[in-house]
$ cat run.txt   # compact mmCIF, C-alpha atoms and all ligand atoms
# COMPACT_ATOMS: atom_id res chain seq x y z
CA MET A 339 25.50 20.39 11.81
CA SER A 340 24.18 17.44 9.87
CA LYS A 341 20.78 17.76 8.23
CA THR A 342 17.75 15.59 8.84
CA ALA A 343 15.74 14.24 5.93
CA LEU A 344 12.44 12.40 5.81
CA ILE A 345 11.88 10.16 2.78
CA THR A 346 8.42 8.82 2.04
CA GLY A 347 8.56 5.83 -0.32
CA VAL A 348 11.94 4.85 1.14
CA THR A 349 11.34 1.17 0.27
CA GLY A 350 10.98 2.00 -3.45
CA GLN A 351 13.62 2.31 -6.17
CA ASP A 352 14.26 6.04 -5.75
CA GLY A 353 13.83 6.02 -1.97
CA THR A 354 16.61 3.44 -1.67
CA TYR A 355 19.06 5.32 -3.91
CA LEU A 356 18.24 8.60 -2.17
CA ALA A 357 18.63 7.16 1.35
CA ARG A 358 22.04 5.74 0.39
CA ARG A 359 23.14 9.07 -1.06
CA LEU A 360 21.95 11.23 1.86
CA LEU A 361 23.44 8.86 4.46
CA ALA A 362 26.75 8.93 2.57
CA LEU A 363 26.63 12.73 2.81
CA GLY A 364 26.15 12.57 6.59
CA TYR A 365 22.41 13.22 6.80
CA ARG A 366 20.27 11.71 9.52
CA VAL A 367 17.53 9.91 7.54
CA TYR A 368 14.01 8.94 8.56
CA GLY A 369 12.12 6.71 6.15
CA MET A 370 8.38 6.16 6.12
CA VAL A 371 7.20 2.59 5.53
CA ARG A 372 3.71 1.21 5.28
CA ARG A 373 2.52 -1.92 6.96
CA ALA A 374 2.59 -5.05 4.78
CA SER A 375 1.74 -8.65 5.58
CA LEU A 376 5.20 -9.70 4.37
CA PRO A 377 8.40 -7.65 4.73
CA ASN A 378 8.61 -4.89 2.10
CA THR A 379 12.09 -3.65 3.00
CA ALA A 380 14.20 -5.88 0.70
CA ARG A 381 15.82 -2.93 -1.08
CA ILE A 382 16.88 -1.22 2.16
CA ASP A 383 17.74 -4.27 4.29
CA SER A 384 21.48 -3.64 4.01
CA LEU A 385 20.95 -0.07 5.26
CA LEU A 386 18.81 -1.36 8.13
CA ALA A 387 21.55 -3.81 9.13
CA ARG A 388 24.08 -0.97 9.26
CA ALA A 389 21.64 1.17 11.23
CA GLN A 390 21.22 -1.61 13.80
CA THR A 391 24.93 -1.56 14.61
CA GLY A 392 24.80 2.23 14.96
CA GLU A 393 26.97 2.75 11.88
CA ILE A 394 24.44 5.04 10.17
CA PRO A 395 21.59 7.23 11.52
CA PHE A 396 18.70 5.62 9.64
CA THR A 397 15.29 5.13 11.28
CA LEU A 398 12.03 3.78 9.90
CA LEU A 399 8.65 5.19 10.95
CA SER A 400 5.32 3.55 10.10
CA GLY A 401 2.83 5.57 8.10
CA ASP A 402 0.65 5.72 5.03
CA MET A 403 0.01 8.50 2.52
CA THR A 404 -3.74 8.12 3.10
CA ASP A 405 -3.49 8.75 6.87
CA SER A 406 -3.20 12.44 7.81
CA GLY A 407 -2.79 11.80 11.54
CA GLY A 408 0.09 9.41 10.97
CA LEU A 409 1.85 11.80 8.60
CA HIS A 410 1.45 14.59 11.16
CA ARG A 411 2.96 12.39 13.88
CA ILE A 412 5.92 11.41 11.68
CA LEU A 413 6.71 15.03 10.88
CA GLU A 414 6.47 15.90 14.57
CA ILE A 415 8.98 13.16 15.44
CA ALA A 416 11.42 13.80 12.61
CA GLU A 417 11.24 17.62 12.43
CA PRO A 418 13.10 17.30 9.12
CA ASP A 419 15.07 19.96 7.30
CA GLU A 420 14.11 18.25 4.04
CA VAL A 421 11.13 16.09 3.07
CA TYR A 422 11.41 14.02 -0.11
CA ASN A 423 7.90 12.88 -0.99
CA LEU A 424 8.51 9.83 -3.16
CA ALA A 425 5.67 7.59 -1.95
CA ALA A 426 3.10 6.89 -4.64
CA GLN A 427 1.05 4.29 -6.43
CA SER A 428 3.56 4.74 -9.22
CA HIS A 429 2.31 2.34 -11.92
CA VAL A 430 0.47 4.12 -14.74
CA ARG A 431 -1.36 1.01 -16.03
CA VAL A 432 -2.48 0.07 -12.52
CA SER A 433 -3.90 3.57 -12.00
CA PHE A 434 -6.62 2.79 -14.56
CA ASP A 435 -7.75 -0.09 -12.31
CA THR A 436 -7.42 1.86 -9.03
CA PRO A 437 -8.17 5.47 -9.99
CA GLU A 438 -9.64 6.63 -6.67
CA TYR A 439 -6.90 5.04 -4.58
CA THR A 440 -4.24 6.51 -6.87
CA ALA A 441 -5.80 9.97 -6.54
CA ASP A 442 -5.86 9.60 -2.75
CA VAL A 443 -2.22 8.52 -2.41
CA ASP A 444 -0.62 10.51 -5.24
CA GLY A 445 -2.84 13.59 -5.23
CA LEU A 446 -4.10 14.12 -1.69
CA GLY A 447 -1.05 12.52 -0.03
CA PRO A 448 1.32 15.40 -0.84
CA LEU A 449 -1.36 17.90 0.27
CA ARG A 450 -1.57 16.10 3.63
CA ILE A 451 2.18 16.43 4.15
CA LEU A 452 2.34 20.06 3.08
CA ASP A 453 -0.50 20.96 5.40
CA ALA A 454 1.06 19.06 8.29
CA ILE A 455 4.31 21.02 7.76
CA ARG A 456 2.27 24.23 7.88
CA THR A 457 0.16 23.40 10.93
CA LEU A 458 3.17 22.12 12.87
CA GLY A 459 4.89 25.49 12.37
CA LEU A 460 7.70 23.93 10.31
CA THR A 461 7.16 26.24 7.32
CA GLU A 462 10.45 28.11 7.82
CA LYS A 463 12.50 25.02 8.65
CA THR A 464 11.30 22.25 6.35
CA ARG A 465 11.91 22.12 2.60
CA PHE A 466 9.58 19.90 0.55
CA TYR A 467 10.39 17.96 -2.64
CA GLN A 468 7.53 16.53 -4.70
CA ALA A 469 8.11 13.60 -7.07
CA SER A 470 6.39 15.07 -10.10
CA THR A 471 6.61 13.33 -13.42
CA SER A 472 6.98 13.62 -17.18
CA GLU A 473 3.61 11.80 -17.34
CA LEU A 474 2.15 15.30 -16.78
CA PHE A 475 3.06 16.13 -20.40
CA GLY A 476 1.03 13.12 -21.56
CA LYS A 477 -0.30 13.81 -25.04
CA VAL A 478 2.64 16.04 -25.77
CA CYS A 479 2.23 19.22 -27.79
CA GLN A 480 5.95 19.91 -28.24
CA THR A 481 9.22 17.98 -28.20
CA PRO A 482 11.44 18.13 -26.23
CA GLN A 483 9.37 18.91 -23.14
CA SER A 484 10.58 21.52 -20.64
CA GLU A 485 9.21 23.37 -17.59
CA THR A 486 7.17 25.62 -19.92
CA THR A 487 5.53 22.85 -21.98
CA PRO A 488 1.75 22.61 -21.37
CA PHE A 489 0.48 19.53 -19.53
CA HIS A 490 -2.06 17.02 -20.87
CA PRO A 491 -2.36 14.09 -18.43
CA ARG A 492 -3.41 10.75 -19.94
CA SER A 493 -4.08 8.56 -16.89
CA PRO A 494 -5.54 8.70 -13.38
CA TYR A 495 -1.91 8.57 -12.21
CA ALA A 496 -0.99 11.68 -14.20
CA SER A 497 -4.15 13.55 -13.15
CA ALA A 498 -3.38 12.85 -9.48
CA LYS A 499 0.20 14.01 -9.96
CA LEU A 500 -1.07 17.17 -11.66
CA PHE A 501 -3.13 18.02 -8.57
CA ALA A 502 -0.04 17.49 -6.43
CA TYR A 503 2.12 19.58 -8.77
CA TRP A 504 -0.15 22.61 -8.44
CA THR A 505 -0.65 22.06 -4.70
CA VAL A 506 3.11 22.38 -4.24
CA ILE A 507 3.13 25.66 -6.16
CA ASN A 508 0.13 26.92 -4.21
CA TYR A 509 1.79 26.21 -0.82
CA ARG A 510 4.92 27.96 -2.09
CA GLU A 511 2.99 31.04 -3.17
CA ALA A 512 0.44 31.13 -0.34
CA TYR A 513 2.69 30.39 2.64
CA GLY A 514 6.21 31.11 1.34
CA MET A 515 7.18 27.48 1.82
CA PHE A 516 10.30 26.08 0.19
CA ALA A 517 8.37 23.55 -1.89
CA SER A 518 9.67 22.33 -5.27
CA ASN A 519 8.62 19.96 -8.02
CA GLY A 520 11.09 17.68 -9.76
CA ILE A 521 9.49 16.83 -13.11
CA LEU A 522 11.39 13.63 -13.65
CA PHE A 523 11.45 11.60 -16.83
CA ASN A 524 11.64 7.81 -16.56
CA HIS A 525 14.61 6.54 -14.59
CA GLU A 526 15.62 2.96 -14.11
CA SER A 527 18.13 0.73 -12.34
CA PRO A 528 18.56 -2.86 -11.18
CA LEU A 529 16.25 -1.87 -8.28
CA ARG A 530 13.38 -0.96 -10.65
CA GLY A 531 10.08 -2.73 -9.95
CA GLU A 532 9.69 -5.87 -12.05
CA THR A 533 6.48 -4.76 -13.80
CA PHE A 534 7.91 -1.59 -15.35
CA ILE A 535 8.97 -2.21 -18.94
CA THR A 536 12.76 -1.85 -18.60
CA ARG A 537 13.05 -4.33 -15.75
CA LYS A 538 10.41 -6.62 -17.24
CA ILE A 539 12.47 -6.84 -20.43
CA THR A 540 15.95 -7.17 -18.89
CA ARG A 541 14.63 -9.83 -16.51
CA ALA A 542 12.85 -11.72 -19.30
CA ALA A 543 15.98 -11.62 -21.50
CA ALA A 544 18.00 -13.12 -18.63
CA GLN A 545 15.31 -15.73 -17.87
CA ILE A 546 15.12 -16.80 -21.54
CA LYS A 547 18.92 -16.98 -21.79
CA LEU A 548 18.97 -19.25 -18.72
CA GLY A 549 16.12 -21.39 -20.07
CA LEU A 550 13.77 -20.42 -17.23
CA ILE A 551 11.01 -19.15 -19.55
CA GLU A 552 10.44 -19.40 -23.33
CA LYS A 553 9.05 -15.96 -24.18
CA VAL A 554 7.69 -12.71 -22.80
CA ALA A 555 4.40 -10.91 -23.53
CA VAL A 556 4.36 -7.12 -23.70
CA GLY A 557 2.07 -4.27 -24.83
CA ASN A 558 2.88 -1.24 -26.97
CA LEU A 559 6.31 -1.64 -28.59
CA ASP A 560 6.18 1.76 -30.24
CA ALA A 561 6.02 4.05 -27.20
CA TYR A 562 9.11 6.23 -26.77
CA ARG A 563 10.62 7.15 -23.42
CA ASP A 564 13.52 9.26 -22.17
CA TRP A 565 15.19 6.71 -19.89
CA GLY A 566 17.85 7.76 -17.36
CA HIS A 567 19.44 6.17 -14.29
CA ALA A 568 17.87 6.49 -10.82
CA ALA A 569 21.26 7.24 -9.20
CA ASP A 570 21.64 10.38 -11.34
CA TYR A 571 18.06 11.47 -10.67
CA VAL A 572 18.15 11.23 -6.85
CA GLU A 573 21.21 13.49 -6.91
CA GLY A 574 19.07 15.92 -8.92
CA MET A 575 16.37 15.77 -6.21
CA ARG A 576 18.95 16.73 -3.58
CA LEU A 577 20.20 19.62 -5.69
CA ILE A 578 16.62 20.85 -6.21
CA LEU A 579 16.05 21.05 -2.44
CA ASN A 580 19.42 22.68 -1.86
CA ALA A 581 18.98 25.37 -4.51
CA GLU A 582 18.88 29.03 -3.53
CA LYS A 583 15.15 29.26 -4.04
CA ALA A 584 12.25 26.88 -4.46
CA ASP A 585 11.43 26.19 -8.09
CA ASP A 586 10.35 23.45 -10.51
CA PHE A 587 12.85 21.52 -12.61
CA VAL A 588 12.78 18.96 -15.42
CA LEU A 589 15.34 16.15 -15.06
CA ALA A 590 15.86 14.19 -18.29
CA THR A 591 18.59 12.86 -20.58
CA GLY A 592 17.30 14.50 -23.78
CA GLU A 593 17.40 11.14 -25.62
CA THR A 594 14.38 9.07 -26.51
CA HIS A 595 14.20 5.34 -27.33
CA SER A 596 11.30 3.04 -28.18
CA VAL A 597 10.20 0.00 -26.21
CA ARG A 598 11.11 -1.97 -29.36
CA GLU A 599 14.70 -0.64 -29.27
CA LEU A 600 14.90 -1.36 -25.54
CA THR A 601 13.79 -4.94 -26.21
CA GLU A 602 16.27 -5.44 -29.07
CA THR A 603 19.10 -4.02 -26.93
CA ALA A 604 18.40 -6.26 -23.95
CA PHE A 605 17.91 -9.39 -26.06
CA ARG A 606 21.15 -8.69 -27.96
CA LEU A 607 22.96 -8.68 -24.60
CA ALA A 608 21.39 -12.10 -23.99
CA GLY A 609 22.74 -13.35 -27.32
CA PHE A 610 19.54 -13.08 -29.40
CA ASP A 611 19.12 -11.13 -32.64
CA LEU A 612 15.41 -10.23 -32.80
CA VAL A 613 13.53 -9.89 -36.09
CA TRP A 614 9.94 -8.60 -36.04
CA LYS A 615 7.17 -10.35 -37.97
CA GLY A 616 3.45 -9.53 -38.21
CA THR A 617 1.57 -6.40 -37.22
CA GLY A 618 -0.56 -5.11 -34.34
CA SER A 619 -1.43 -7.69 -31.70
CA ASP A 620 -0.07 -10.45 -34.00
CA GLU A 621 3.44 -9.03 -34.11
CA LYS A 622 6.18 -11.29 -32.77
CA GLY A 623 9.88 -10.93 -31.97
CA ILE A 624 11.68 -13.98 -33.35
CA ASP A 625 15.26 -15.13 -32.77
CA ARG A 626 16.92 -14.80 -36.18
CA VAL A 627 19.16 -17.82 -35.58
CA GLY A 628 16.98 -20.30 -33.65
CA GLY A 629 13.67 -19.18 -35.20
CA LYS A 630 11.89 -19.27 -31.82
CA VAL A 631 9.27 -16.69 -30.82
CA LEU A 632 10.74 -14.81 -27.86
CA VAL A 633 8.46 -11.75 -27.69
CA GLU A 634 4.73 -11.54 -28.31
CA ILE A 635 1.99 -8.98 -27.81
CA ASP A 636 -0.66 -9.25 -25.11
CA PRO A 637 -3.28 -6.48 -25.51
CA THR A 638 -3.99 -6.56 -21.74
CA PHE A 639 -0.78 -4.53 -21.39
CA PHE A 640 -2.17 -1.76 -23.64
CA ARG A 641 -3.40 1.36 -21.82
CA PRO A 642 -6.79 2.99 -22.51
CA THR A 643 -4.85 6.18 -23.27
CA GLU A 644 -1.13 6.02 -24.03
CA VAL A 645 1.70 8.51 -23.71
CA ASP A 646 3.38 8.04 -27.09
CA LEU A 647 6.59 10.02 -26.81
CA LEU A 648 8.57 11.56 -23.99
CA CYS A 649 11.85 13.41 -24.47
CA GLY A 650 12.95 15.99 -21.92
CA ASP A 651 14.90 19.22 -22.02
CA ALA A 652 16.83 19.60 -18.74
CA THR A 653 18.61 22.84 -19.69
CA LYS A 654 17.26 24.68 -16.63
CA ALA A 655 18.56 22.01 -14.21
CA ARG A 656 21.93 21.98 -15.99
CA GLU A 657 22.32 25.76 -15.90
CA ARG A 658 20.93 26.50 -12.43
CA LEU A 659 21.81 23.33 -10.50
CA GLY A 660 24.81 22.04 -12.44
CA TRP A 661 22.94 18.72 -12.84
CA GLU A 662 23.82 16.35 -15.65
CA PRO A 663 23.01 12.66 -16.11
CA LYS A 664 26.07 10.41 -16.26
CA HIS A 665 24.64 7.11 -17.50
CA SER A 666 23.82 6.28 -21.15
CA PHE A 667 20.80 4.27 -22.31
CA ARG A 668 23.03 1.36 -23.40
CA ASP A 669 24.87 1.31 -20.03
CA ILE A 670 21.60 1.30 -18.06
CA VAL A 671 20.17 -1.63 -20.03
CA GLU A 672 23.45 -3.52 -19.68
CA GLU A 673 23.69 -2.90 -15.91
CA MET A 674 20.10 -4.07 -15.43
CA PHE A 675 20.50 -7.14 -17.64
CA GLN A 676 23.75 -8.20 -15.93
CA ALA A 677 22.18 -7.72 -12.47
CA ASP A 678 19.17 -9.84 -13.45
CA LEU A 679 21.39 -12.52 -14.98
CA ALA A 680 23.55 -12.69 -11.84
CA ALA A 681 20.51 -12.80 -9.54
CA LEU A 682 18.82 -15.57 -11.53
CA SER A 683 21.90 -17.70 -12.22
P1 LIG B 1 8.33 2.77 -6.57
O1 LIG B 1 9.59 1.96 -6.69
O2 LIG B 1 7.05 2.22 -7.03
O3 LIG B 1 8.21 3.17 -5.02
C1 LIG B 1 7.02 3.74 -4.52
C2 LIG B 1 7.14 3.86 -3.01
O4 LIG B 1 5.92 4.40 -2.50
C3 LIG B 1 7.34 2.50 -2.29
O5 LIG B 1 8.19 2.71 -1.19
C4 LIG B 1 5.94 2.18 -1.81
O6 LIG B 1 5.89 1.33 -0.69
C5 LIG B 1 5.47 3.58 -1.42
N1 LIG B 1 4.02 3.69 -1.30
C6 LIG B 1 3.08 3.36 -2.22
N2 LIG B 1 1.84 3.61 -1.73
C7 LIG B 1 2.02 4.09 -0.47
C8 LIG B 1 1.13 4.53 0.54
N3 LIG B 1 -0.20 4.49 0.39
N4 LIG B 1 1.65 4.98 1.70
C9 LIG B 1 2.99 4.99 1.90
N5 LIG B 1 3.89 4.58 0.98
C10 LIG B 1 3.40 4.14 -0.20
O7 LIG B 1 8.53 4.18 -7.29
P2 LIG B 1 9.87 4.93 -7.75
O8 LIG B 1 10.17 4.52 -9.15
O9 LIG B 1 10.89 4.82 -6.70
O10 LIG B 1 9.34 6.43 -7.86
C11 LIG B 1 9.39 7.31 -6.74
C12 LIG B 1 8.44 8.46 -6.96
O11 LIG B 1 8.80 9.17 -8.13
C13 LIG B 1 6.98 8.08 -7.17
O12 LIG B 1 6.20 9.09 -6.58
C14 LIG B 1 6.80 8.08 -8.67
O13 LIG B 1 5.44 8.33 -9.00
C15 LIG B 1 7.71 9.23 -9.04
N6 LIG B 1 8.32 9.17 -10.36
C16 LIG B 1 9.03 8.09 -10.74
C17 LIG B 1 9.67 8.06 -11.97
C18 LIG B 1 10.47 6.86 -12.43
O14 LIG B 1 10.73 6.76 -13.64
N7 LIG B 1 10.90 5.99 -11.53
C19 LIG B 1 9.59 9.19 -12.82
C20 LIG B 1 8.87 10.30 -12.39
C21 LIG B 1 8.26 10.29 -11.15
P3 LIG B 1 5.95 -0.29 -0.85
O15 LIG B 1 7.40 -0.62 -1.06
O16 LIG B 1 5.39 -0.76 0.44
O17 LIG B 1 5.11 -0.63 -2.05
N1 LIG B 2 4.76 -1.65 -17.71
C1 LIG B 2 4.70 -2.07 -18.99
N2 LIG B 2 4.53 -3.41 -19.25
N3 LIG B 2 4.80 -1.15 -19.97
C2 LIG B 2 4.76 -1.60 -21.25
C3 LIG B 2 4.60 -2.95 -21.57
C4 LIG B 2 4.48 -3.90 -20.52
O1 LIG B 2 4.34 -5.10 -20.74
N4 LIG B 2 4.63 -3.07 -22.92
C5 LIG B 2 4.78 -1.85 -23.43
N5 LIG B 2 4.85 -0.95 -22.42
C6 LIG B 2 4.99 0.51 -22.59
C7 LIG B 2 3.92 1.31 -21.85
O2 LIG B 2 2.70 1.30 -22.58
C8 LIG B 2 4.60 2.66 -21.80
O3 LIG B 2 4.37 3.36 -22.99
C9 LIG B 2 6.09 2.33 -21.70
O4 LIG B 2 6.21 0.94 -22.03
C10 LIG B 2 6.71 2.57 -20.33
O5 LIG B 2 5.90 1.92 -19.37
P1 LIG B 2 6.39 1.80 -17.83
O6 LIG B 2 7.74 1.21 -17.76
O7 LIG B 2 5.28 1.11 -17.09
O8 LIG B 2 6.57 3.32 -17.37
P2 LIG B 2 5.65 4.61 -17.58
O9 LIG B 2 6.36 5.47 -18.57
O10 LIG B 2 4.24 4.27 -17.83
O11 LIG B 2 5.70 5.28 -16.12
C11 LIG B 2 6.95 5.38 -15.41
O12 LIG B 2 7.57 6.61 -15.72
C12 LIG B 2 6.82 7.77 -15.33
C13 LIG B 2 7.65 8.99 -15.76
O13 LIG B 2 7.42 9.26 -17.10
C14 LIG B 2 6.63 5.25 -13.93
O14 LIG B 2 7.84 5.16 -13.23
C15 LIG B 2 5.86 6.46 -13.43
O15 LIG B 2 5.76 6.38 -12.00
C16 LIG B 2 6.63 7.73 -13.82
O16 LIG B 2 5.93 8.87 -13.39

$ encode --input "run.txt" --output "structure tokens" --more "lines below"
Ligand code: NAP
Ligand code: GDD
Amino acid sequence: MSKTALITGVTGQDGTYLARRLLALGYRVYGMVRRASLPNTARIDSLLARAQTGEIPFTLLSGDMTDSGGLHRILEIAEPDEVYNLAAQSHVRVSFDTPEYTADVDGLGPLRILDAIRTLGLTEKTRFYQASTSELFGKVCQTPQSETTPFHPRSPYASAKLFAYWTVINYREAYGMFASNGILFNHESPLRGETFITRKITRAAAQIKLGLIEKVAVGNLDAYRDWGHAADYVEGMRLILNAEKADDFVLATGETHSVRELTETAFRLAGFDLVWKGTGSDEKGIDRVGGKVLVEIDPTFFRPTEVDLLCGDATKARERLGWEPKHSFRDIVEEMFQADLAALS
């Protein structure tokens, strides 16, 4: 018997990779989409076209993380074996501008779904995955970070996700629900949103190479992240929900790289050898050969509180789930740069 999954956030980066993966494995997939004034399904349009011809069992349902009644209705229709809660206001910088909204969507949203599962009597049937995040570690007190590392959130986004993290554990302990957290470190792909730093940089490198723009403005060059590939991480989500028992898992590569190194790597692929001159907000990335300024600092991209260094330890996921990331940092940047170059050419 094929399983049924419900994916919230199906129009996002991870939702798209996960929907592809589950459909390839024979799942019936429901995806929740929110109303937008212009179509917001670009990433999943090819899946929708295949669904229209009956080739794959993929159905969209309208809903919003802030609307309990709608979430209840969707769960009643889908009666899923597995819920992957990926919907979120997922931009950390934006969460400082929209703290209450972020708390509503990212914090209360998962609670609404968990409680709908409970009140609909789906507790025995439906497994719940929560998209938790390495942002929970925030101002880190140890490196690498694992499931036992204390949390110290540094943004409204991380605080909201912390509420959701503990809500998942509470529903597991209080009602015996199969509810698990995936504590995922940053993961990227050509489908990454254009305002996250990896995609912003690979896109800018391609645009500069093609002569479409002259330079790019960024914020903190000296933050470190553990960047993996979204395709590897959605497979980890599936393994987490198909484990013997509900539990919480870190997914990470165990490698950390700075925004500066990311920028140098992407620009090298575009044929530029960056040298850095100046300090603080006056620092600039200059093409060694042409002498042009290609990267500059715009303090508006700084965050009121920053997460300086993330580097994960995914030993538990490797030992208990057999999960291992397959893509290297260099390969991810190259795949993203080449995809941007092809799309813009
Ligand atoms: P993303 O590309 O920004 O996608 C977010 C999804 O949530 C989109 O489908 C978006 O819909 C939907 N959404 C936002 N607000 C909503 C609302 N009020 N109601 C219903 N849907 C809403 O994010 P992602 O990178 O795929 O990440 C997926 C999840 O993993 C998020 O929860 C994120 O916080 C978490 N996470 C991500 C990473 C990472 O590095 N990517 C790491 C750890 C955790 P629209 O398309 O209409 O905007
Ligand atoms: N977005 C952005 N734009 N970030 C910049 C910029 C810029 O111009 N310049 C420097 N940065 C730095 C940020 O300050 C941060 O330290 C780092 O680049 C990564 O920023 P993002 O790519 O926006 O990702 P994030 O780490 O804040 O959050 C992502 O990963 C989390 C997991 O750790 C998001 O996907 C979150 O949803 C996810 O939970």

$ residues_around --input "run.txt" --residues "segment 504-514 of chain A" --least-positions-apart "6" --cutoff "8 Å" --atoms "all atoms listed in the file" --output "VMD selection string"
chain A and resid 448 to 449 452 461 468 584

$ residues_around --input "run.txt" --residues "Ser484 of chain A" --least-positions-apart "6" --cutoff "8 Å" --atoms "all atoms listed in the file" --output "PyMOL selection string"
chain A and resi 588+650-652

$ closest_atom_pairs --input "run.txt" --of "chain A" --to "ligand LIG 1 (chain B)" --cutoff "6 Å" --atoms "only C-alpha atoms and all ligand atoms" --output "CSV"
residue,atom,partner,partner_atom,distance
A:Gly347,CA,B:LIG1,O5,3.3
A:Val348,CA,B:LIG1,O5,4.9
A:Thr349,CA,B:LIG1,O5,3.8
A:Gly350,CA,B:LIG1,O3,3.4
A:Gln351,CA,B:LIG1,O9,3.7
A:Asp352,CA,B:LIG1,O9,3.7
A:Gly353,CA,B:LIG1,O9,5.7
A:Val371,CA,B:LIG1,N5,6.0
A:Arg372,CA,B:LIG1,C9,5.1
A:Asn378,CA,B:LIG1,O15,5.4
A:Asp402,CA,B:LIG1,N4,3.6
A:Met403,CA,B:LIG1,N4,4.0
A:Thr404,CA,B:LIG1,N3,5.7
A:Leu424,CA,B:LIG1,C12,4.0
A:Ala425,CA,B:LIG1,O4,3.2
A:Ala426,CA,B:LIG1,O12,4.3
A:Gln427,CA,B:LIG1,C6,4.8
A:Ser428,CA,B:LIG1,O13,4.1
A:Val443,CA,B:LIG1,N3,5.3
A:Ala469,CA,B:LIG1,O11,4.6
A:Ser470,CA,B:LIG1,C21,5.2
A:Thr471,CA,B:LIG1,C20,3.9
A:Leu522,CA,B:LIG1,C20,4.4
A:Phe523,CA,B:LIG1,C19,5.0
A:Asn524,CA,B:LIG1,O14,3.2
A:His525,CA,B:LIG1,O14,4.0
A:Gly531,CA,B:LIG1,O1,5.7

$ residues_near_point --input "run.txt" --point "(14.2, -11.1, -17.7)" --cutoff "12 Å" --atoms "only C-alpha atoms" --output "PyMOL selection string"
chain A and resi 528+532-555+601+604-605+607-608+632-633+671+674-683

$ closest_residue --input "run.txt" --among "A:Ser406, A:Ser472, A:Gln480, A:Thr638" --to "ligand LIG 2 (chain B)" --atoms "only C-alpha atoms and all ligand atoms"
A:Ser472

$ closest_residue --input "run.txt" --among "A:Arg381, A:Arg598, A:Arg626, A:His665" --to "Thr354 of chain A" --atoms "only C-alpha atoms"
A:Arg381

$ build_atoms --input "run.txt" --residues "segment 486-496 of chain A" --atoms "N, CA, C and O atoms" --output "short mmCIF file (atom, residue, chain, number, x, y, z; two decimals), in the frame of the given file"
data_model
loop_
_atom_site.label_atom_id
_atom_site.label_comp_id
_atom_site.auth_asym_id
_atom_site.auth_seq_id
_atom_site.Cartn_x
_atom_site.Cartn_y
_atom_site.Cartn_z
N THR A 486 8.21 24.74 -19.37
CA THR A 486 7.17 25.62 -19.92
C THR A 486 6.21 24.90 -20.87
O THR A 486 5.29 25.52 -21.40
N THR A 487 6.42 23.61 -21.08
CA THR A 487 5.53 22.85 -21.98
C THR A 487 4.18 22.61 -21.29
O THR A 487 4.16 22.19 -20.13
N PRO A 488 3.07 22.86 -21.99
CA PRO A 488 1.75 22.61 -21.37
C PRO A 488 1.56 21.13 -21.02
O PRO A 488 2.09 20.25 -21.69
N PHE A 489 0.76 20.90 -19.97
CA PHE A 489 0.48 19.53 -19.53
C PHE A 489 -0.79 19.00 -20.19
O PHE A 489 -1.72 19.77 -20.48
N HIS A 490 -0.85 17.68 -20.38
CA HIS A 490 -2.06 17.02 -20.87
C HIS A 490 -2.05 15.59 -20.33
O HIS A 490 -1.68 14.65 -21.04
N PRO A 491 -2.46 15.42 -19.04
CA PRO A 491 -2.36 14.09 -18.43
C PRO A 491 -3.22 13.06 -19.14
O PRO A 491 -4.29 13.39 -19.64
N ARG A 492 -2.73 11.80 -19.16
CA ARG A 492 -3.41 10.75 -19.94
C ARG A 492 -3.78 9.55 -19.09
O ARG A 492 -4.08 8.48 -19.63
N SER A 493 -3.74 9.69 -17.76
CA SER A 493 -4.08 8.56 -16.89
C SER A 493 -4.52 9.10 -15.53
O SER A 493 -4.18 10.24 -15.18
N PRO A 494 -5.23 8.28 -14.75
CA PRO A 494 -5.54 8.70 -13.38
C PRO A 494 -4.27 9.04 -12.60
O PRO A 494 -4.25 9.96 -11.78
N TYR A 495 -3.20 8.29 -12.86
CA TYR A 495 -1.91 8.57 -12.21
C TYR A 495 -1.46 10.01 -12.51
O TYR A 495 -1.13 10.78 -11.62
N ALA A 496 -1.48 10.36 -13.80
CA ALA A 496 -0.99 11.68 -14.20
C ALA A 496 -1.91 12.79 -13.68
O ALA A 496 -1.43 13.86 -13.28
#
